[in-house]
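S.K.: Here's a structure for you.
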Amino acid sequence: VCPDHVTDGLVFAFKAMGSVLPIAGFFFLGASETAAQVLGIAADKAPSLLFELVQAGKDFIPDSRIFVAFGVLLVGMITGIDGSGFSGLPLTGALSGALGPVVGLNPATLAAVGQMGAVWTGGGTLIAWSS
């Protein structure tokens, strides 16, 4: 009976994480720091697709700290819907790194706001261990 339970648990884990891993991989490829490690190339030659996308659209985003903070919170909440609560951290971190300096917010603080949104919706908890 025990080996059957172990097998069922492993099969469930692979089914649950099977959709999360490719999505997280695309997020990791969006920032040059992580893309360099994933692709095995030099950091100065790695693409920063997500950062460049945000930089291209920054003229359409109002220059308001509150608006940007709620936007990053909303993005974190959307990424948290997958259930893990932590798969959106690379995305909210990259967005915070691009938008924080533009509106005068600390990118680490802004990333923590996005992380909390992901944890609240996906992790099912009110207080994250890392905040």
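Numbering starts fresh at 1 for the residues of each chain in the structure tokens, the chains themselves are lettered A, B, ... in the order given, and ligands are numbered from 1 as they appear.
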Excluding Ser48 (chain A) and residues on its chain fewer than 5 positions from it, collect all residues at most 7 Å away from it, counting only C-alpha atoms, and give them as a list in words.
M.R.: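 Contacts, with the query itself left out: Gly30, Ala31 and Ser32 of chain A.
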S.K.: Just write the chosen residues, all heavy atoms, as a PDB file, in the first residue's frame.
M.R.:
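Output file part.pdb is given in full below:
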```pdb
ATOM      1  N   GLY A  30      12.971  36.164 -19.460  1.00  0.00           N
ATOM      2  CA  GLY A  30      12.635  37.573 -19.649  1.00  0.00           C
ATOM      3  C   GLY A  30      13.626  38.530 -19.029  1.00  0.00           C
ATOM      4  O   GLY A  30      13.686  39.689 -19.409  1.00  0.00           O
ATOM      5  N   ALA A  31      14.431  38.107 -18.077  1.00  0.00           N
ATOM      6  CA  ALA A  31      15.433  38.962 -17.431  1.00  0.00           C
ATOM      7  C   ALA A  31      16.822  38.504 -17.864  1.00  0.00           C
ATOM      8  O   ALA A  31      17.098  37.305 -17.917  1.00  0.00           O
ATOM      9  CB  ALA A  31      15.301  38.889 -15.917  1.00  0.00           C
ATOM     10  N   SER A  32      17.690  39.457 -18.152  1.00  0.00           N
ATOM     11  CA  SER A  32      19.011  39.098 -18.693  1.00  0.00           C
ATOM     12  C   SER A  32      19.860  38.317 -17.695  1.00  0.00           C
ATOM     13  O   SER A  32      20.637  37.456 -18.095  1.00  0.00           O
ATOM     14  CB  SER A  32      19.750  40.352 -19.147  1.00  0.00           C
ATOM     15  OG  SER A  32      19.984  41.215 -18.051  1.00  0.00           O
TER      16      SER A  32
END
```
S.K.: As a ChimeraX atom specification, please: the residues near Leu29 (chain A) (cut-off 12 Å, only C-alpha atoms, same-chain neighbours under 6 positions excluded).
M.R.: /A:22-23,35-40,46-51,90-91,94
S.K.: Take the residues that were just selected and, keeping C-alpha atoms, output them as a CSV table (one decimal), in the first residue's frame.
M.R.:
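Writing the result to out.csv gives the following:
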```
chain,number,residue,atom,x,y,z
A,22,PRO,CA,7.4,26.0,-18.6
A,23,ILE,CA,5.7,29.2,-17.6
A,35,ALA,CA,18.5,34.3,-19.2
A,36,ALA,CA,22.3,34.2,-19.3
A,37,GLN,CA,22.4,31.4,-16.8
A,38,VAL,CA,19.6,29.4,-18.5
A,39,LEU,CA,21.0,29.9,-22.0
A,40,GLY,CA,24.6,29.4,-20.9
A,46,ALA,CA,21.8,37.8,-22.9
A,47,PRO,CA,18.4,39.1,-24.0
A,48,SER,CA,16.3,41.0,-21.5
A,49,LEU,CA,13.0,40.6,-23.3
A,50,LEU,CA,10.7,41.3,-20.4
A,51,PHE,CA,12.7,44.4,-19.3
A,90,PRO,CA,10.7,36.5,-11.6
A,91,LEU,CA,8.0,38.4,-13.5
A,94,ALA,CA,11.7,42.1,-13.5
```
S.K.: As an MDAnalysis selection string, please: every residue in chain A that a backbone DSSP assignment puts in helix (DSSP H, G or I).
M.R.: chainID A and resid 2:18 20:29 32:39 43:45 49:60 65:82 89:103 107:123
S.K.: Tell me, as a list in words, which residues lie within 9 Å of region 59-70 of chain A, counting only C-alpha atoms; anything in the same chain fewer than 2 positions away does not count.
M.R.: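 That gives Gln55, Ala56, Gly57, Val72, Leu73, Leu74, Val75, Ser96, Leu99, Gly100, Val102, Val103, Gly104, Leu105, Leu110, Val113 and Gly114 of chain A.
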S.K.: Now that the selection is made, can you save its residues with N, CA and C atoms as a compact mmCIF listing (two decimals), in the first residue's frame?
M.R.:
```txt
# COMPACT_ATOMS: atom_id res chain seq x y z
N GLN A 55 10.14 48.61 -20.77
CA GLN A 55 10.75 49.89 -21.13
C GLN A 55 10.06 50.49 -22.36
N ALA A 56 9.66 49.65 -23.30
CA ALA A 56 8.99 50.16 -24.50
C ALA A 56 7.59 50.69 -24.18
N GLY A 57 6.93 50.11 -23.18
CA GLY A 57 5.57 50.53 -22.85
C GLY A 57 5.48 51.52 -21.71
N VAL A 72 1.72 46.32 -10.14
CA VAL A 72 2.60 45.18 -9.83
C VAL A 72 1.88 44.20 -8.90
N LEU A 73 1.08 44.72 -7.97
CA LEU A 73 0.28 43.86 -7.11
C LEU A 73 -0.69 43.02 -7.94
N LEU A 74 -1.35 43.65 -8.90
CA LEU A 74 -2.30 42.94 -9.77
C LEU A 74 -1.60 41.88 -10.61
N VAL A 75 -0.43 42.21 -11.15
CA VAL A 75 0.33 41.23 -11.93
C VAL A 75 0.71 40.05 -11.03
N SER A 96 9.39 45.17 -11.46
CA SER A 96 9.79 46.12 -10.41
C SER A 96 11.13 46.76 -10.73
N LEU A 99 10.24 49.34 -13.55
CA LEU A 99 9.32 50.43 -13.22
C LEU A 99 9.70 51.20 -11.96
N GLY A 100 10.36 50.55 -11.01
CA GLY A 100 10.70 51.21 -9.75
C GLY A 100 11.49 52.49 -9.91
N VAL A 102 11.77 54.40 -12.42
CA VAL A 102 11.05 55.39 -13.22
C VAL A 102 10.14 56.25 -12.34
N VAL A 103 9.49 55.63 -11.36
CA VAL A 103 8.56 56.37 -10.50
C VAL A 103 9.17 56.70 -9.14
N GLY A 104 10.43 56.33 -8.92
CA GLY A 104 11.10 56.67 -7.67
C GLY A 104 10.80 55.74 -6.51
N LEU A 105 10.54 54.47 -6.81
CA LEU A 105 10.31 53.47 -5.77
C LEU A 105 11.47 52.49 -5.74
N LEU A 110 8.98 47.22 -4.26
CA LEU A 110 7.94 47.00 -5.26
C LEU A 110 7.81 45.51 -5.60
N VAL A 113 5.82 43.78 -2.98
CA VAL A 113 4.38 44.01 -3.16
C VAL A 113 3.82 42.99 -4.16
N GLY A 114 4.52 42.80 -5.27
CA GLY A 114 4.09 41.81 -6.25
C GLY A 114 4.13 40.40 -5.71
```
S.K.: Do a neighbour search on Gly76 (chain A) at 12 Å with only C-alpha atoms, toss out local chain neighbours closer than 5 positions, and write the hits as JSON, numbers by chain.
M.R.: {"A": [69, 70, 71, 81, 82, 83, 84, 85, 86, 87, 88, 89, 90, 91, 92, 93, 94, 95, 96, 110, 111, 112, 113, 114, 115, 116, 117, 118, 119, 120, 121, 122, 123]}
S.K.: Point out the residue among A:Lys45, A:Ala108, A:Thr79, A:Ala98 with the least atom-to-atom distance to Val20 (chain A), counting only C-alpha atoms.
M.R.: A:Thr79
S.K.: Would you compute the distance between CA of Pro101 (chain A) and CA of Glu52 (chain A)? Give it in Å to one decimal.
M.R.: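 Taking CA of Pro101 (chain A) as the start and CA of Glu52 (chain A) as the end point, the length is 14.5 Å.
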S.K.: Provide the CA of Ile78 (chain A) to CA of Leu10 (chain A) distance in Å, to one decimal place.
M.R.: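 For CA of Ile78 (chain A) relative to CA of Leu10 (chain A), the distance reads 26.9 Å.
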S.K.: In Å, how far is it from CA of Asp4 (chain A) to CA of Leu21 (chain A)?
M.R.: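 It comes out at 25.3 Å.
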